[in-house]
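Q: Following this line is final.cif, made up of mmCIF, C-alpha atoms:
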data_start
loop_
_atom_site.label_atom_id
_atom_site.label_comp_id
_atom_site.auth_asym_id
_atom_site.auth_seq_id
_atom_site.Cartn_x
_atom_site.Cartn_y
_atom_site.Cartn_z
CA SER A 662 6.61 -13.35 -9.74
CA THR A 663 5.96 -11.29 -12.83
CA HIS A 664 2.38 -10.24 -13.44
CA GLU A 665 0.81 -10.06 -16.89
CA SER A 666 -0.35 -6.79 -18.40
CA SER A 667 -4.08 -6.18 -18.39
CA SER A 668 -4.48 -4.90 -21.92
CA SER A 669 -8.27 -5.18 -21.82
CA SER A 670 -8.40 -2.31 -19.33
CA SER A 671 -8.46 1.22 -20.69
CA SER A 672 -5.58 3.45 -19.63
CA TYR A 673 -8.15 6.23 -19.35
CA GLU A 674 -10.12 4.74 -16.46
CA MET A 675 -9.79 7.31 -13.73
CA PRO A 676 -9.21 5.74 -10.29
CA PHE A 677 -10.62 7.13 -7.07
CA VAL A 678 -8.39 7.08 -4.01
CA SER A 679 -10.70 6.48 -1.05
CA PRO A 680 -9.83 8.31 2.18
CA LYS A 681 -8.73 5.57 4.58
CA VAL A 682 -6.69 5.54 7.76
CA THR A 683 -5.65 2.84 10.19
CA MET A 684 -6.55 3.56 13.79
CA LYS A 685 -6.66 1.12 16.70
CA GLY A 686 -5.70 -1.67 14.31
CA GLN A 687 -8.69 -1.12 12.03
CA VAL A 688 -8.79 0.35 8.52
CA MET A 689 -11.41 3.08 8.53
CA ASP A 690 -12.97 4.65 5.43
CA ILE A 691 -13.29 8.29 6.44
CA SER A 692 -15.76 9.06 3.64
CA ALA A 693 -18.25 6.90 5.55
CA GLY A 694 -19.14 9.85 7.76
CA ASP A 695 -16.33 10.68 10.22
CA LYS A 696 -16.64 14.47 10.29
CA SER A 697 -13.75 14.89 12.75
CA MET A 698 -11.17 14.49 9.97
CA VAL A 699 -10.57 17.02 7.21
CA LEU A 700 -10.30 15.59 3.70
CA ALA A 701 -7.92 17.07 1.13
CA GLN A 702 -8.34 16.46 -2.57
CA VAL A 703 -5.87 14.18 -4.35
CA GLN A 704 -5.18 15.58 -7.79
CA GLY A 705 -3.93 13.65 -10.76
CA CYS A 706 -1.64 15.11 -13.36
CA CYS A 707 -3.94 14.82 -16.33
CA GLY A 708 -7.43 14.02 -17.49
CA ILE A 709 -9.70 13.24 -20.42
CA SER A 710 -11.27 15.93 -22.57
CA ALA A 711 -14.82 15.72 -23.92
CA ASP A 712 -13.37 14.35 -27.19
CA ASP A 713 -11.52 11.53 -25.32
CA SER A 714 -8.11 13.11 -25.77
CA LEU A 715 -5.67 13.48 -22.90
CA THR A 716 -5.36 16.87 -21.30
CA PHE A 717 -2.85 18.03 -18.73
CA GLN A 718 -5.39 19.74 -16.52
CA PRO A 719 -5.36 18.47 -12.92
CA GLN A 720 -8.21 16.08 -12.13
CA ILE A 721 -9.52 15.14 -8.68
CA ILE A 722 -8.82 11.42 -8.28
CA GLY A 723 -9.53 10.99 -4.59
CA GLN A 724 -9.38 12.30 -1.07
CA MET A 725 -6.71 12.09 1.61
CA PRO A 726 -7.43 12.41 5.35
CA GLN A 727 -5.60 15.26 7.06
CA MET A 728 -5.19 14.49 10.75
CA ASN A 729 -5.10 17.10 13.46
CA PRO A 730 -2.43 16.88 16.21
CA GLU A 731 -4.72 14.92 18.57
CA GLN A 732 -5.57 12.32 15.92
CA THR A 733 -1.89 12.00 14.98
CA SER A 734 -0.97 11.49 18.66
CA GLN A 735 -3.68 8.81 18.93
CA VAL A 736 -2.20 6.89 15.98
CA LEU A 737 1.24 7.07 17.64
CA GLN A 738 -0.24 5.87 20.95
CA ASP A 739 -1.99 2.99 19.14
CA ALA A 740 1.37 1.96 17.61
CA LYS A 741 3.09 2.10 21.01
CA GLU A 742 0.35 -0.07 22.52
CA ALA A 743 0.60 -2.57 19.64
CA TRP A 744 4.39 -2.75 20.10
CA ASN A 745 3.92 -3.12 23.87
CA GLY A 746 7.64 -2.82 24.64
CA GLY A 747 8.41 -5.67 22.24
CA MET A 748 5.71 -7.89 23.77
CA GLY A 749 2.96 -7.10 21.24
CA THR A 750 1.49 -9.57 18.76
CA TRP A 751 3.77 -8.76 15.79
CA PRO A 752 7.11 -8.65 17.64
CA GLN A 753 6.23 -11.90 19.43
CA MET A 754 5.28 -13.77 16.25
CA SER A 755 7.76 -16.28 14.97
CA LEU A 756 9.65 -15.40 11.81
CA LYS A 757 7.59 -18.01 9.92
CA GLU A 758 4.34 -16.38 11.10
CA ARG A 759 5.54 -12.93 10.05
CA ILE A 760 6.61 -14.25 6.64
CA ARG A 761 3.17 -15.87 6.20
CA ALA A 762 1.50 -12.56 7.09
CA ILE A 763 3.63 -10.64 4.55
CA GLU A 764 2.96 -13.28 1.88
CA LYS A 765 -0.78 -13.02 2.56
CA PHE A 766 -0.50 -9.24 2.22
CA LEU A 767 1.36 -9.61 -1.10
CA LEU A 768 -1.40 -11.90 -2.42
CA GLU A 769 -4.02 -9.32 -1.48
CA LEU A 770 -1.89 -6.56 -2.99
CA ALA A 771 -1.71 -8.49 -6.27
CA THR A 772 -5.52 -8.40 -6.50
CA GLN A 773 -5.27 -4.59 -6.48
CA ARG A 774 -2.52 -4.39 -9.15
CA GLU A 775 -4.65 -2.77 -11.86
CA LEU A 776 -6.04 -0.13 -9.48
CA ILE A 777 -2.53 0.67 -8.20
CA VAL A 778 -1.15 0.86 -11.76
CA GLN A 779 -4.03 3.16 -12.78
CA THR A 780 -3.44 5.36 -9.74
CA LEU A 781 0.29 5.67 -10.52
CA MET A 782 -0.61 6.64 -14.07
CA TRP A 783 -3.14 9.27 -13.04
CA GLU A 784 -1.46 10.65 -9.94
CA ILE A 785 2.13 11.04 -11.11
CA GLY A 786 1.85 10.63 -14.87
CA LYS A 787 3.65 7.31 -15.31
CA ASN A 788 2.97 5.46 -18.52
CA ARG A 789 1.38 2.00 -18.21
CA LYS A 790 4.60 0.08 -18.84
CA ASP A 791 6.53 2.02 -16.16
CA ALA A 792 3.65 1.84 -13.65
CA GLU A 793 3.35 -1.94 -14.13
CA ALA A 794 7.13 -2.32 -13.83
CA GLU A 795 7.15 -0.31 -10.59
CA PHE A 796 4.41 -2.47 -9.06
CA ASP A 797 6.02 -5.73 -10.19
CA ARG A 798 9.49 -4.64 -9.05
CA THR A 799 8.15 -3.82 -5.58
CA VAL A 800 6.42 -7.20 -5.20
CA GLU A 801 9.46 -9.05 -6.57
CA PHE A 802 11.73 -7.21 -4.10
CA CYS A 803 9.53 -8.34 -1.19
CA GLU A 804 9.55 -11.92 -2.48
CA LYS A 805 13.37 -11.87 -2.83
CA VAL A 806 13.81 -10.55 0.71
CA ILE A 807 11.61 -13.39 2.02
CA GLU A 808 13.62 -15.89 -0.01
CA VAL A 809 16.92 -14.61 1.44
CA ILE A 810 15.54 -14.67 4.98
CA ARG A 811 14.34 -18.26 4.55
CA LYS A 812 17.75 -19.42 3.28
CA ASP A 813 20.05 -17.45 5.58
CA PRO A 814 20.88 -19.40 8.76
CA GLU A 815 21.34 -16.14 10.67
CA TYR A 816 17.59 -15.49 10.29
CA SER A 817 16.27 -19.04 10.36
CA ALA A 818 18.01 -20.05 13.61
CA GLY A 819 15.26 -18.56 15.78
CA TRP A 820 15.43 -16.63 19.05
CA GLN A 821 18.64 -16.59 21.04
CA THR A 822 18.88 -15.67 24.68
CA ILE A 823 22.07 -13.85 25.60
#
Render the structure in this file as structure tokens.
A:
Amino acid sequence: STHESSSSSSSYEMPFVSPKVTMKGQVMDISAGDKSMVLAQVQGCCGISADDSLTFQPQIIGQMPQMNPEQTSQVLQDAKEAWNGGMGTWPQMSLKERIRAIEKFLLELATQRELIVQTLMWEIGKNRKDAEAEFDRTVEFCEKVIEVIRKDPEYSAGWQTI
């Protein structure tokens, strides 16, 4: 589904990338006080001068958690436990349930379109049209994959025991 351009939003609104990680199945905002994780600055490619003109001086647009080896190992362990040798929640969900979960995620992602477009513009210097096209292309790809899976009998047949 193609999303309309938000022309009422200024291209100069600087986003802020909040430092978040997923651990033990929960999204955690590290800026909320976890002092065990180092935060690195996320720099954008350009900024706004005092006279509202664009400048190509790096601007801080957020923070990114930098995990130590123990924290990284914990995330890997959490993933192994969630997989549970193929017996975890996600691998045991039916294909229909997984598709519903991905579709729910895509709906939530769509509510963040403008922020993601702004971040692409500030972080890597994409123009609005290209940033919007990248977002829309990604969502459309996911929707097409779901459509193919739903129509292809190889995927829709369900589990087979060999």
Q: Give as a PyMOL selection string the residues that the PyMOL selection byres ((chain A and resi 704) around 9) matches when applied to the coordinates above.
A: chain A and resi 702-703+705-707+719-724+783-784
Q: Grab the atom CA of Met782 of chain A to atom CA of Ile691 of chain A distance for me, in Å with one decimal place.
A: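 These two atoms are separated by 24.2 Å.
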Q: Could you tell me how far atom CA of Pro730 of chain A lies from atom CA of Gly747 of chain A, in Å and to one decimal?
A: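 That distance, rounded to one decimal, is 25.7 Å.
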Q: Show which residues sit within 12 Å of Asp690 of chain A, as an mmCIF file with C-alpha atoms, in the frame of the given file. Count all atoms listed in the file, and ignore same-chain residues fewer than 3 positions away.
A:
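Listed below is the output, out.cif:
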data_model
loop_
_atom_site.group_PDB
_atom_site.id
_atom_site.type_symbol
_atom_site.label_atom_id
_atom_site.label_comp_id
_atom_site.auth_asym_id
_atom_site.auth_seq_id
_atom_site.Cartn_x
_atom_site.Cartn_y
_atom_site.Cartn_z
ATOM 1 C CA VAL A 678 -8.390 7.080 -4.010
ATOM 2 C CA SER A 679 -10.700 6.480 -1.050
ATOM 3 C CA PRO A 680 -9.830 8.310 2.180
ATOM 4 C CA LYS A 681 -8.730 5.570 4.580
ATOM 5 C CA VAL A 682 -6.690 5.540 7.760
ATOM 6 C CA THR A 683 -5.650 2.840 10.190
ATOM 7 C CA MET A 684 -6.550 3.560 13.790
ATOM 8 C CA GLN A 687 -8.690 -1.120 12.030
ATOM 9 C CA ALA A 693 -18.250 6.900 5.550
ATOM 10 C CA GLY A 694 -19.140 9.850 7.760
ATOM 11 C CA ASP A 695 -16.330 10.680 10.220
ATOM 12 C CA LYS A 696 -16.640 14.470 10.290
ATOM 13 C CA MET A 698 -11.170 14.490 9.970
ATOM 14 C CA LEU A 700 -10.300 15.590 3.700
ATOM 15 C CA GLN A 724 -9.380 12.300 -1.070
ATOM 16 C CA MET A 725 -6.710 12.090 1.610
ATOM 17 C CA PRO A 726 -7.430 12.410 5.350
#
Q: Might you pull out every residue within 10 Å of Glu764 of chain A, with only C-alpha atoms counted and same-chain residues fewer than 3 positions away left off, and present them as a VMD selection string?
A: chain A and resid 758 to 761 767 to 770 800 803 to 804 807
Q: Using all atoms listed in the file, which of the listed residues (A:Gly686, A:Pro814, A:Pro676, A:Gly749) sits closest to Leu781 of chain A?
A: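 When distances to Leu781 of chain A are compared using all atoms listed in the file, the smallest one comes from A:Pro676.
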Q: What is the atom CA of Lys685 of chain A-atom CA of Glu731 of chain A distance in Å, reported with one decimal?
A: 14.1 Å
Q: Could you tell me which residues the PyMOL selection byres ((chain A and resi 791-797) around 7) returns for this structure, as a ChimeraX atom specification?
A: /A:663-664,778,781-782,787-790,798-801
Q: Any chance you could export the current selection's C-alpha atoms as a compact mmCIF listing (two decimals), in the frame of the given file?
A:
# COMPACT_ATOMS: atom_id res chain seq x y z
CA THR A 663 5.96 -11.29 -12.83
CA HIS A 664 2.38 -10.24 -13.44
CA VAL A 778 -1.15 0.86 -11.76
CA LEU A 781 0.29 5.67 -10.52
CA MET A 782 -0.61 6.64 -14.07
CA LYS A 787 3.65 7.31 -15.31
CA ASN A 788 2.97 5.46 -18.52
CA ARG A 789 1.38 2.00 -18.21
CA LYS A 790 4.60 0.08 -18.84
CA ARG A 798 9.49 -4.64 -9.05
CA THR A 799 8.15 -3.82 -5.58
CA VAL A 800 6.42 -7.20 -5.20
CA GLU A 801 9.46 -9.05 -6.57
Q: So, with all atoms listed in the file as the atoms that count, which of A:Arg811, A:Gln735, A:Phe677, A:Glu742 lies closest to Lys757 of chain A?
A: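 Checking each candidate against Lys757 of chain A, we get A:Arg811 as the closest.
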